[in-house]
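Everything below belongs to my_file36.cif, which stores mmCIF, C-alpha atoms; chains and numbers go by the auth columns.
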```cif
data_final
loop_
_atom_site.group_PDB
_atom_site.id
_atom_site.type_symbol
_atom_site.label_atom_id
_atom_site.label_comp_id
_atom_site.label_asym_id
_atom_site.label_seq_id
_atom_site.Cartn_x
_atom_site.Cartn_y
_atom_site.Cartn_z
_atom_site.B_iso_or_equiv
_atom_site.auth_seq_id
_atom_site.auth_asym_id
ATOM 1 C CA MET A 1 11.467 -0.473 14.435 0.00 1008 A
ATOM 2 C CA THR A 2 9.951 -1.906 11.269 0.00 1009 A
ATOM 3 C CA PRO A 3 12.381 -3.034 8.566 0.00 1010 A
ATOM 4 C CA VAL A 4 12.079 -1.189 5.260 0.00 1011 A
ATOM 5 C CA ILE A 5 11.971 -2.191 1.581 0.00 1012 A
ATOM 6 C CA LEU A 6 12.410 -0.310 -1.688 0.00 1013 A
ATOM 7 C CA GLN A 7 9.958 -0.664 -4.583 0.00 1014 A
ATOM 8 C CA ALA A 8 12.289 -2.922 -6.620 0.00 1015 A
ATOM 9 C CA GLY A 9 12.598 -5.281 -3.664 0.00 1016 A
ATOM 10 C CA LEU A 10 8.838 -5.185 -3.133 0.00 1017 A
ATOM 11 C CA LYS A 11 8.154 -6.397 -6.680 0.00 1018 A
ATOM 12 C CA GLU A 12 10.690 -9.201 -6.268 0.00 1019 A
ATOM 13 C CA ALA A 13 9.215 -10.239 -2.914 0.00 1020 A
ATOM 14 C CA LEU A 14 5.729 -10.343 -4.453 0.00 1021 A
ATOM 15 C CA SER A 15 6.902 -12.841 -7.052 0.00 1022 A
ATOM 16 C CA GLU A 16 8.241 -14.949 -4.164 0.00 1023 A
ATOM 17 C CA GLY A 17 4.870 -15.100 -2.402 0.00 1024 A
ATOM 18 C CA GLY A 18 4.894 -11.829 -0.490 0.00 1025 A
ATOM 19 C CA ILE A 19 1.681 -10.072 0.425 0.00 1026 A
ATOM 20 C CA VAL A 20 1.211 -6.320 0.129 0.00 1027 A
ATOM 21 C CA GLU A 21 -0.920 -4.490 2.677 0.00 1028 A
ATOM 22 C CA ALA A 22 -2.272 -0.993 2.077 0.00 1029 A
ATOM 23 C CA HIS A 23 -2.873 0.775 5.401 0.00 1030 A
ATOM 24 C CA SER A 24 -5.073 3.843 5.792 0.00 1031 A
ATOM 25 C CA CYS A 25 -3.476 6.386 8.118 0.00 1032 A
ATOM 26 C CA GLU A 26 -6.433 8.801 8.030 0.00 1033 A
ATOM 27 C CA ASP A 27 -10.045 8.814 6.856 0.00 1034 A
ATOM 28 C CA ALA A 28 -10.380 9.413 3.112 0.00 1035 A
ATOM 29 C CA LYS A 29 -12.287 12.516 2.065 0.00 1036 A
ATOM 30 C CA LYS A 30 -13.429 14.050 -1.185 0.00 1037 A
ATOM 31 C CA VAL A 31 -11.734 17.325 -2.121 0.00 1038 A
ATOM 32 C CA GLY A 32 -13.228 18.679 -5.338 0.00 1039 A
ATOM 33 C CA ASN A 33 -13.250 15.741 -7.745 0.00 1040 A
ATOM 34 C CA THR A 34 -10.440 13.868 -5.989 0.00 1041 A
ATOM 35 C CA TRP A 35 -10.524 11.469 -3.061 0.00 1042 A
ATOM 36 C CA THR A 36 -7.616 12.169 -0.748 0.00 1043 A
ATOM 37 C CA GLY A 37 -6.208 10.464 2.314 0.00 1044 A
ATOM 38 C CA HIS A 38 -2.964 9.033 3.607 0.00 1045 A
ATOM 39 C CA TRP A 39 -1.890 5.473 2.849 0.00 1046 A
ATOM 40 C CA ARG A 40 1.284 3.487 3.476 0.00 1047 A
ATOM 41 C CA ILE A 41 2.317 0.165 1.958 0.00 1048 A
ATOM 42 C CA TYR A 42 3.718 -2.789 3.893 0.00 1049 A
ATOM 43 C CA LEU A 43 5.090 -6.120 2.678 0.00 1050 A
ATOM 44 C CA ARG A 44 4.476 -9.328 4.594 0.00 1051 A
ATOM 45 C CA LEU A 45 6.750 -12.230 3.742 0.00 1052 A
ATOM 46 C CA GLY A 46 6.490 -15.122 6.138 0.00 1053 A
ATOM 47 C CA ASP A 47 6.576 -13.691 9.661 0.00 1054 A
ATOM 48 C CA GLN A 48 8.416 -10.524 8.601 0.00 1055 A
ATOM 49 C CA THR A 49 6.920 -7.111 7.786 0.00 1056 A
ATOM 50 C CA ALA A 50 8.621 -4.259 5.942 0.00 1057 A
ATOM 51 C CA LEU A 51 7.512 -0.691 5.218 0.00 1058 A
ATOM 52 C CA LEU A 52 7.807 0.564 1.624 0.00 1059 A
ATOM 53 C CA VAL A 53 10.197 3.524 1.534 0.00 1060 A
ATOM 54 C CA ILE A 54 11.592 5.879 -1.089 0.00 1061 A
ATOM 55 C CA ALA A 55 15.313 5.687 -1.791 0.00 1062 A
ATOM 56 C CA ARG A 56 15.946 9.323 -0.847 0.00 1063 A
ATOM 57 C CA GLY A 57 16.459 9.256 2.896 0.00 1064 A
ATOM 58 C CA LEU A 58 14.520 6.023 3.385 0.00 1065 A
ATOM 59 C CA GLU A 59 11.335 7.964 4.170 0.00 1066 A
ATOM 60 C CA PRO A 60 8.032 6.066 4.010 0.00 1067 A
ATOM 61 C CA ARG A 61 6.410 6.148 0.576 0.00 1068 A
ATOM 62 C CA GLU A 62 3.058 7.774 1.182 0.00 1069 A
ATOM 63 C CA PHE A 63 0.104 7.965 -1.139 0.00 1070 A
ATOM 64 C CA LYS A 64 -2.130 11.029 -0.854 0.00 1071 A
ATOM 65 C CA THR A 65 -4.828 10.210 -3.452 0.00 1072 A
ATOM 66 C CA ILE A 66 -6.888 7.125 -4.193 0.00 1073 A
ATOM 67 C CA ALA A 67 -5.890 7.440 -7.856 0.00 1074 A
ATOM 68 C CA GLY A 68 -2.207 7.277 -6.886 0.00 1075 A
ATOM 69 C CA LEU A 69 -2.747 4.251 -4.664 0.00 1076 A
ATOM 70 C CA ILE A 70 -4.740 2.422 -7.347 0.00 1077 A
ATOM 71 C CA SER A 71 -2.108 3.235 -9.985 0.00 1078 A
ATOM 72 C CA PHE A 72 0.542 1.759 -7.707 0.00 1079 A
ATOM 73 C CA GLY A 73 -1.531 -1.410 -7.239 0.00 1080 A
ATOM 74 C CA VAL A 74 -1.901 -1.779 -11.012 0.00 1081 A
ATOM 75 C CA GLU A 75 1.885 -1.351 -11.408 0.00 1082 A
ATOM 76 C CA LEU A 76 2.270 -4.282 -9.022 0.00 1083 A
ATOM 77 C CA GLY A 77 0.057 -6.434 -11.262 0.00 1084 A
ATOM 78 C CA GLN A 78 -3.285 -6.169 -9.474 0.00 1085 A
ATOM 79 C CA THR A 79 -6.414 -6.416 -11.614 0.00 1086 A
ATOM 80 C CA THR A 80 -8.678 -5.325 -8.770 0.00 1087 A
ATOM 81 C CA VAL A 81 -7.322 -2.829 -6.246 0.00 1088 A
ATOM 82 C CA ALA A 82 -9.157 -2.548 -2.943 0.00 1089 A
ATOM 83 C CA VAL A 83 -8.663 0.686 -0.984 0.00 1090 A
ATOM 84 C CA PRO A 84 -9.176 1.102 2.775 0.00 1091 A
ATOM 85 C CA LEU A 85 -11.121 4.315 3.424 0.00 1092 A
ATOM 86 C CA LYS A 86 -11.111 4.643 7.228 0.00 1093 A
ATOM 87 C CA LYS A 87 -8.149 5.312 9.512 0.00 1094 A
ATOM 88 C CA GLY A 88 -6.756 2.046 10.851 0.00 1095 A
ATOM 89 C CA GLU A 89 -8.209 -0.143 8.096 0.00 1096 A
ATOM 90 C CA LYS A 90 -6.023 -2.228 5.808 0.00 1097 A
ATOM 91 C CA VAL A 91 -6.445 -4.396 2.728 0.00 1098 A
ATOM 92 C CA THR A 92 -4.197 -7.097 1.345 0.00 1099 A
ATOM 93 C CA TRP A 93 -3.053 -7.460 -2.236 0.00 1100 A
ATOM 94 C CA THR A 94 -1.570 -10.795 -3.280 0.00 1101 A
ATOM 95 C CA HIS A 95 0.394 -11.354 -6.485 0.00 1102 A
ATOM 96 C CA GLY A 96 -1.670 -12.618 -9.386 0.00 1103 A
ATOM 97 C CA THR A 97 -5.004 -12.544 -7.594 0.00 1104 A
ATOM 98 C CA GLU A 98 -7.705 -10.024 -6.865 0.00 1105 A
ATOM 99 C CA ALA A 99 -7.378 -7.949 -3.719 0.00 1106 A
ATOM 100 C CA ASP A 100 -8.890 -9.306 -0.506 0.00 1107 A
ATOM 101 C CA PRO A 101 -10.411 -6.523 1.664 0.00 1108 A
ATOM 102 C CA GLN A 102 -9.761 -6.838 5.396 0.00 1109 A
ATOM 103 C CA SER A 103 -10.319 -4.482 8.327 0.00 1110 A
#
```

Is it possible to express this structure as structure tokens?
Amino acid sequence: MTPVILQAGLKEALSEGGIVEAHSCEDAKKVGNTWTGHWRIYLRLGDQTALLVIARGLEPREFKTIAGLISFGVELGQTTVAVPLKKGEKVTWTHGTEADPQS
């Protein structure tokens, strides 16, 4: 089982050198004027990984729109927010630098 982290802890871990990964859980698709999908956020700190969860019930925090995911990246201090569009892809966001896309 993957350890979990709340958003407040995620921000603190980022300032300590943590790396955020945005994982695509399904292919993104355009619905009307909005791009939708399913993304989850993970924190890597050293050799440990933690899933971002919401405080209520410790359920995974899931993003359903690209706009929501980008807004979250900006809240974390990103100036460029890369978004994985295909199921199984991931990108990394590091504190104080531009995002680094990775498959």

- [ ] Name the closest residue to Ile1073 in chain A among the candidates A:Asn1040, A:Leu1059, A:Trp1100, A:Leu1052; distances are taken between atoms, counting only C-alpha atoms.
- [x] A:Asn1040

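Considering all atoms listed in the file, the residue among A:Thr1043, A:Thr1072, A:Ser1078, A:Ser1031 positioned nearest to Leu1092 in chain A is A:Ser1031.
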
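The gap separating CA of Leu1065 in chain A from CA of Val1038 in chain A is 29.1 Å, in Å to one decimal.
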
Selected by the PyMOL selection byres ((chain A and resi 1017) around 12) in the shown coordinates: which residues, as a compact mmCIF listing (two decimals) with C-alpha atoms, keeping the file's coordinate frame?
```
# COMPACT_ATOMS: atom_id res chain seq x y z
CA VAL A 1011 12.08 -1.19 5.26
CA ILE A 1012 11.97 -2.19 1.58
CA LEU A 1013 12.41 -0.31 -1.69
CA GLN A 1014 9.96 -0.66 -4.58
CA ALA A 1015 12.29 -2.92 -6.62
CA GLY A 1016 12.60 -5.28 -3.66
CA LYS A 1018 8.15 -6.40 -6.68
CA GLU A 1019 10.69 -9.20 -6.27
CA ALA A 1020 9.22 -10.24 -2.91
CA LEU A 1021 5.73 -10.34 -4.45
CA SER A 1022 6.90 -12.84 -7.05
CA GLU A 1023 8.24 -14.95 -4.16
CA GLY A 1024 4.87 -15.10 -2.40
CA GLY A 1025 4.89 -11.83 -0.49
CA ILE A 1026 1.68 -10.07 0.42
CA VAL A 1027 1.21 -6.32 0.13
CA GLU A 1028 -0.92 -4.49 2.68
CA ILE A 1048 2.32 0.16 1.96
CA TYR A 1049 3.72 -2.79 3.89
CA LEU A 1050 5.09 -6.12 2.68
CA ARG A 1051 4.48 -9.33 4.59
CA LEU A 1052 6.75 -12.23 3.74
CA THR A 1056 6.92 -7.11 7.79
CA ALA A 1057 8.62 -4.26 5.94
CA LEU A 1058 7.51 -0.69 5.22
CA LEU A 1059 7.81 0.56 1.62
CA VAL A 1060 10.20 3.52 1.53
CA ILE A 1061 11.59 5.88 -1.09
CA PHE A 1079 0.54 1.76 -7.71
CA GLY A 1080 -1.53 -1.41 -7.24
CA GLU A 1082 1.88 -1.35 -11.41
CA LEU A 1083 2.27 -4.28 -9.02
CA THR A 1101 -1.57 -10.80 -3.28
CA HIS A 1102 0.39 -11.35 -6.48
```

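Taking only C-alpha atoms into account, Val1090 in chain A lies nearest to A:His1030 out of the set A:His1030, A:Lys1071, A:Arg1063, A:Lys1036.
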
TODO: Find the residue from A:Thr1087, A:Phe1070, A:Gly1053, A:Ala1062 that sits nearest to Cys1032 in chain A; use all atoms listed in the file when measuring.
DONE: A:Phe1070

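For the pair CA of Gln1085 in chain A and CA of Asp1034 in chain A, the separation is 23.2 Å.
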
- [ ] Tell me, in Å to one decimal, how far CA of Pro1067 in chain A is from CA of Val1088 in chain A.
- [x] 20.5 Å
